[in-house]
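Participant: Supplied in structure tokens, the structure appears directly below.
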Amino acid sequence: MRVVIKVGTSTLTHKTGNLNIRHIESLCRVLSDLKNAGHEVVLVSSGAIGMGVGKLSLKERPQDMPTKQAAAAVGQCELMYTYDKLFAEYNHTVAQILLTGEDMNHADRYENFRNTLHRLLELGALPIINENDTVSTAEIAVGDNDTLGAIVAKGAEADLLVLLTDIDGLYTADPRKDPDAKLVSVVSEITPELLATAGGKGSALGTGGMATKLSAAKLCLEAGISTVIANGDDPEKLYDIIEGKSVGTIFKK
């Protein structure tokens, strides 16, 4: 199976912006094991700005563009250093790809990205992809790395996109506000009404929310790719997801 896994800032970092060591070590161990089992893995990783906030000892996520980009420049170094170190412990080679919206919208540049991605997978590397927040001033397409995950899944011709976040999946209402909210296990169609009820942005350090995840799942459904939204608090759930067990919410035809 070729799987694209998108991990959000809330999974990678504590609320302080500092690295969540337990989560990222577990994530790298599980992804390494999935590769050992013969699966092809692509990681779309948020967290550059969030980690930069912690590294620079900022009190909160910056609002102005120059400070955001400065935090991304610092945080991306820390992020890739951490991934390289942890995956190397399991004898896996990582590769960094940083993208902007222009790369996705320009036919030649998009084709170059696809060719590079496919060649990296053929060579056995584990591509780690993030938006190039240091130079890009506009979020890719409809917003944040959920959308990037869907674009990468399409470009990689993946079998599955997994969006790891800080919530168990899609609920009938916001479970943090409504105790009667119920988890929706399977969705076969993303309607305008469903998108309209998805709410706003996510965590304080991230930029996403359920709306961007539904938009990403819709892009993948249109390309015949299934999507799972699941909680990233325990990366070992990825084993069950790959095996087709019910975890979080799956979007499939």
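By order of appearance in the structure tokens: chains A, B, ..., then residues from 1 within every chain, and ligands from 1 in the order shown.
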DSSP on the backbone: which residues in segment 100-214 of chain A end up as strand (DSSP E)? Give the answer as a VMD selection string.
Facilitator: chain A and resid 126 to 131 160 to 165 186 to 187
Participant: Quick one: contact table of segment 42-78 of chain A to segment 150-168 of chain A, 10 Å max, nearest atom pair and distance in Å to one decimal per residue, counting only C-alpha atoms, chain and number order, as CSV?
Facilitator:
```
residue,atom,partner,partner_atom,distance
A:Val42,CA,A:Ala156,CA,8.5
A:Leu43,CA,A:Val152,CA,9.5
A:Val44,CA,A:Val152,CA,8.1
```
Participant: Based on the selection just made, write N, CA and C atoms of those residues as a tab-separated table (two decimals), in the first residue's frame.
Facilitator:
```tsv
chain	number	residue	atom	x	y	z
A	42	VAL	N	4.67	8.28	2.63
A	42	VAL	CA	5.00	9.69	2.43
A	42	VAL	C	4.44	10.44	3.62
A	43	LEU	N	5.26	11.28	4.25
A	43	LEU	CA	4.84	12.04	5.43
A	43	LEU	C	4.68	13.51	5.05
A	44	VAL	N	3.49	14.04	5.27
A	44	VAL	CA	3.25	15.48	5.12
A	44	VAL	C	3.21	16.04	6.53
```
Participant: Between atom CA of Lys252 of chain A and atom CA of Leu221 of chain A, what is the spacing in Å?
Facilitator: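 Between these atoms lies a distance of 6.5 Å.
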Participant: Smallest atom-to-atom distance to Leu195 of chain A: which of A:Lys182, A:Lys218, A:Arg22, A:His92, using only C-alpha atoms?
Facilitator: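 Using only C-alpha atoms, Leu195 of chain A sits closest to A:Lys218.
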Participant: DSSP on the backbone, alpha helix (DSSP H) only: what residues of segment 22-250 of chain A does that give? Format it as a PDB file with C-alpha atoms, in the first residue's frame.
Facilitator:
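Result went into result.pdb, see below:
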```
ATOM      1  CA  ARG A  22       6.701  10.891  22.991  1.00  0.00           C
ATOM      2  CA  HIS A  23       4.435  11.471  19.982  1.00  0.00           C
ATOM      3  CA  ILE A  24       7.152  12.086  17.394  1.00  0.00           C
ATOM      4  CA  GLU A  25       9.296   9.148  18.559  1.00  0.00           C
ATOM      5  CA  SER A  26       6.286   6.833  18.397  1.00  0.00           C
ATOM      6  CA  LEU A  27       5.286   8.189  14.974  1.00  0.00           C
ATOM      7  CA  CYS A  28       8.746   7.589  13.494  1.00  0.00           C
ATOM      8  CA  ARG A  29       8.913   4.081  14.956  1.00  0.00           C
ATOM      9  CA  VAL A  30       5.513   3.091  13.530  1.00  0.00           C
ATOM     10  CA  LEU A  31       6.196   4.606  10.088  1.00  0.00           C
ATOM     11  CA  SER A  32       9.554   2.811   9.990  1.00  0.00           C
ATOM     12  CA  ASP A  33       7.813  -0.451  10.819  1.00  0.00           C
ATOM     13  CA  LEU A  34       5.220   0.114   8.092  1.00  0.00           C
ATOM     14  CA  LYS A  35       8.051   0.636   5.608  1.00  0.00           C
ATOM     15  CA  ASN A  36       9.732  -2.525   6.874  1.00  0.00           C
ATOM     16  CA  ALA A  48       7.628  24.272  11.352  1.00  0.00           C
ATOM     17  CA  ILE A  49       6.050  27.482  12.652  1.00  0.00           C
ATOM     18  CA  GLY A  50       4.874  25.803  15.858  1.00  0.00           C
ATOM     19  CA  MET A  51       8.339  24.439  16.596  1.00  0.00           C
ATOM     20  CA  GLY A  52       9.882  27.775  15.705  1.00  0.00           C
ATOM     21  CA  VAL A  53       7.605  29.433  18.266  1.00  0.00           C
ATOM     22  CA  GLY A  54       9.029  27.147  20.929  1.00  0.00           C
ATOM     23  CA  LYS A  55      12.618  27.415  19.719  1.00  0.00           C
ATOM     24  CA  MET A  65       4.009  37.478   8.148  1.00  0.00           C
ATOM     25  CA  PRO A  66       7.745  38.252   8.704  1.00  0.00           C
ATOM     26  CA  THR A  67       7.707  36.694  12.192  1.00  0.00           C
ATOM     27  CA  LYS A  68       5.732  33.682  10.927  1.00  0.00           C
ATOM     28  CA  GLN A  69       8.315  33.154   8.211  1.00  0.00           C
ATOM     29  CA  ALA A  70      11.189  33.621  10.659  1.00  0.00           C
ATOM     30  CA  ALA A  71       9.622  31.044  13.001  1.00  0.00           C
ATOM     31  CA  ALA A  72       9.178  28.664  10.053  1.00  0.00           C
ATOM     32  CA  ALA A  73      12.832  29.051   9.056  1.00  0.00           C
ATOM     33  CA  VAL A  74      13.985  28.156  12.568  1.00  0.00           C
ATOM     34  CA  GLY A  75      11.369  25.460  13.116  1.00  0.00           C
ATOM     35  CA  GLN A  76      11.887  23.660   9.791  1.00  0.00           C
ATOM     36  CA  CYS A  77      15.551  23.063  10.678  1.00  0.00           C
ATOM     37  CA  GLU A  78      14.572  21.588  14.024  1.00  0.00           C
ATOM     38  CA  LEU A  79      11.796  19.505  12.451  1.00  0.00           C
ATOM     39  CA  MET A  80      13.973  17.885   9.772  1.00  0.00           C
ATOM     40  CA  TYR A  81      16.886  17.376  12.167  1.00  0.00           C
ATOM     41  CA  THR A  82      14.532  15.478  14.477  1.00  0.00           C
ATOM     42  CA  TYR A  83      13.035  13.354  11.696  1.00  0.00           C
ATOM     43  CA  ASP A  84      16.441  12.571  10.200  1.00  0.00           C
ATOM     44  CA  LYS A  85      17.817  11.505  13.586  1.00  0.00           C
ATOM     45  CA  LEU A  86      14.823   9.355  14.556  1.00  0.00           C
ATOM     46  CA  PHE A  87      14.331   7.611  11.192  1.00  0.00           C
ATOM     47  CA  ALA A  88      18.075   6.939  10.938  1.00  0.00           C
ATOM     48  CA  GLY A 101       1.011  27.084  -4.056  1.00  0.00           C
ATOM     49  CA  GLU A 102       2.765  28.206  -7.236  1.00  0.00           C
ATOM     50  CA  ASP A 103       4.468  24.811  -7.490  1.00  0.00           C
ATOM     51  CA  MET A 104       1.078  23.100  -7.435  1.00  0.00           C
ATOM     52  CA  ASN A 105      -0.546  25.443  -9.955  1.00  0.00           C
ATOM     53  CA  ALA A 107       2.109  22.445 -14.786  1.00  0.00           C
ATOM     54  CA  ASP A 108       5.855  21.987 -15.320  1.00  0.00           C
ATOM     55  CA  ARG A 109       6.744  22.507 -11.667  1.00  0.00           C
ATOM     56  CA  TYR A 110       3.994  20.152 -10.541  1.00  0.00           C
ATOM     57  CA  GLU A 111       5.256  17.501 -12.949  1.00  0.00           C
ATOM     58  CA  ASN A 112       8.798  17.961 -11.626  1.00  0.00           C
ATOM     59  CA  PHE A 113       7.452  17.473  -8.102  1.00  0.00           C
ATOM     60  CA  ARG A 114       5.622  14.281  -9.117  1.00  0.00           C
ATOM     61  CA  ASN A 115       8.677  12.870 -10.878  1.00  0.00           C
ATOM     62  CA  THR A 116      10.895  13.570  -7.878  1.00  0.00           C
ATOM     63  CA  LEU A 117       8.375  12.090  -5.446  1.00  0.00           C
ATOM     64  CA  HIS A 118       7.959   8.887  -7.447  1.00  0.00           C
ATOM     65  CA  ARG A 119      11.725   8.492  -7.864  1.00  0.00           C
ATOM     66  CA  LEU A 120      12.294   8.936  -4.134  1.00  0.00           C
ATOM     67  CA  LEU A 121       9.784   6.171  -3.443  1.00  0.00           C
ATOM     68  CA  GLU A 122      11.479   3.921  -6.015  1.00  0.00           C
ATOM     69  CA  ASP A 144      -3.054  24.531   5.414  1.00  0.00           C
ATOM     70  CA  ASN A 145      -1.392  21.135   5.166  1.00  0.00           C
ATOM     71  CA  ASP A 146      -4.609  19.111   5.032  1.00  0.00           C
ATOM     72  CA  THR A 147      -5.032  20.400   1.484  1.00  0.00           C
ATOM     73  CA  LEU A 148      -1.351  19.802   0.817  1.00  0.00           C
ATOM     74  CA  GLY A 149      -1.824  16.217   2.016  1.00  0.00           C
ATOM     75  CA  ALA A 150      -4.601  15.695  -0.533  1.00  0.00           C
ATOM     76  CA  ILE A 151      -2.544  17.242  -3.340  1.00  0.00           C
ATOM     77  CA  VAL A 152       0.416  15.026  -2.436  1.00  0.00           C
ATOM     78  CA  ALA A 153      -1.816  11.928  -2.250  1.00  0.00           C
ATOM     79  CA  LYS A 154      -3.082  12.650  -5.760  1.00  0.00           C
ATOM     80  CA  GLY A 155       0.424  13.342  -7.064  1.00  0.00           C
ATOM     81  CA  ALA A 156       1.755  10.168  -5.452  1.00  0.00           C
ATOM     82  CA  PRO A 192     -22.132  21.279   0.862  1.00  0.00           C
ATOM     83  CA  GLU A 193     -24.237  20.904   4.017  1.00  0.00           C
ATOM     84  CA  LEU A 194     -21.551  18.743   5.632  1.00  0.00           C
ATOM     85  CA  LEU A 195     -18.858  21.266   4.740  1.00  0.00           C
ATOM     86  CA  ALA A 196     -20.976  24.096   6.140  1.00  0.00           C
ATOM     87  CA  MET A 210     -12.349  20.108  10.368  1.00  0.00           C
ATOM     88  CA  ALA A 211     -13.369  22.220   7.346  1.00  0.00           C
ATOM     89  CA  THR A 212      -9.928  21.888   5.725  1.00  0.00           C
ATOM     90  CA  LYS A 213      -9.908  18.157   6.481  1.00  0.00           C
ATOM     91  CA  LEU A 214     -13.271  17.680   4.784  1.00  0.00           C
ATOM     92  CA  SER A 215     -12.053  19.684   1.781  1.00  0.00           C
ATOM     93  CA  ALA A 216      -8.970  17.459   1.598  1.00  0.00           C
ATOM     94  CA  ALA A 217     -11.090  14.309   1.844  1.00  0.00           C
ATOM     95  CA  LYS A 218     -13.335  15.640  -0.937  1.00  0.00           C
ATOM     96  CA  LEU A 219     -10.326  16.189  -3.230  1.00  0.00           C
ATOM     97  CA  CYS A 220      -9.190  12.632  -2.580  1.00  0.00           C
ATOM     98  CA  LEU A 221     -12.645  11.100  -3.043  1.00  0.00           C
ATOM     99  CA  GLU A 222     -12.863  12.748  -6.450  1.00  0.00           C
ATOM    100  CA  LYS A 237      -3.470   3.283  15.485  1.00  0.00           C
ATOM    101  CA  LEU A 238      -1.868   3.495  12.044  1.00  0.00           C
ATOM    102  CA  TYR A 239      -1.430  -0.296  12.126  1.00  0.00           C
ATOM    103  CA  ASP A 240      -5.205  -0.752  12.445  1.00  0.00           C
ATOM    104  CA  ILE A 241      -5.890   1.878   9.765  1.00  0.00           C
ATOM    105  CA  ILE A 242      -3.568   0.169   7.277  1.00  0.00           C
TER     106      ILE A 242
END
```
Participant: How many Å lie between atom CA of Asn91 of chain A and atom CA of Thr11 of chain A, rounded to one decimal?
Facilitator: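 Between these atoms lies a distance of 23.7 Å.
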Participant: Using only C-alpha atoms, can you tell me which of A:Ser57, A:Ser246, A:Thr93, A:Ser188 comes closest to Gly224 of chain A?
Facilitator: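 With only C-alpha atoms as the atom set, the closest residue is A:Ser188.
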Participant: Write out as a list in words the residues lying within 8 Å of Ile97 of chain A, counting only C-alpha atoms and excluding same-chain residues fewer than 2 positions away.
Facilitator: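 The filter keeps Ala95, Leu99, Pro127, Ile128, Ile129 and Asn130 of chain A.
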Participant: Restricting the output to C-alpha atoms, write the selected residues as a PDB file, in the first residue's frame.
Facilitator:
```pdb
ATOM      1  CA  ALA A  95      14.093  13.443   1.964  1.00  0.00           C
ATOM      2  CA  LEU A  99       6.308  23.325  -1.742  1.00  0.00           C
ATOM      3  CA  PRO A 127       9.712  11.831   1.563  1.00  0.00           C
ATOM      4  CA  ILE A 128       8.785  14.438   4.185  1.00  0.00           C
ATOM      5  CA  ILE A 129       6.781  17.278   2.680  1.00  0.00           C
ATOM      6  CA  ASN A 130       5.788  20.643   4.084  1.00  0.00           C
TER       7      ASN A 130
END
```
Participant: How far is it from atom CA of Asp133 of chain A to atom CA of Leu98 of chain A, in Å with one decimal?
Facilitator: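 Separation between atom CA of Asp133 of chain A and atom CA of Leu98 of chain A: 8.5 Å.
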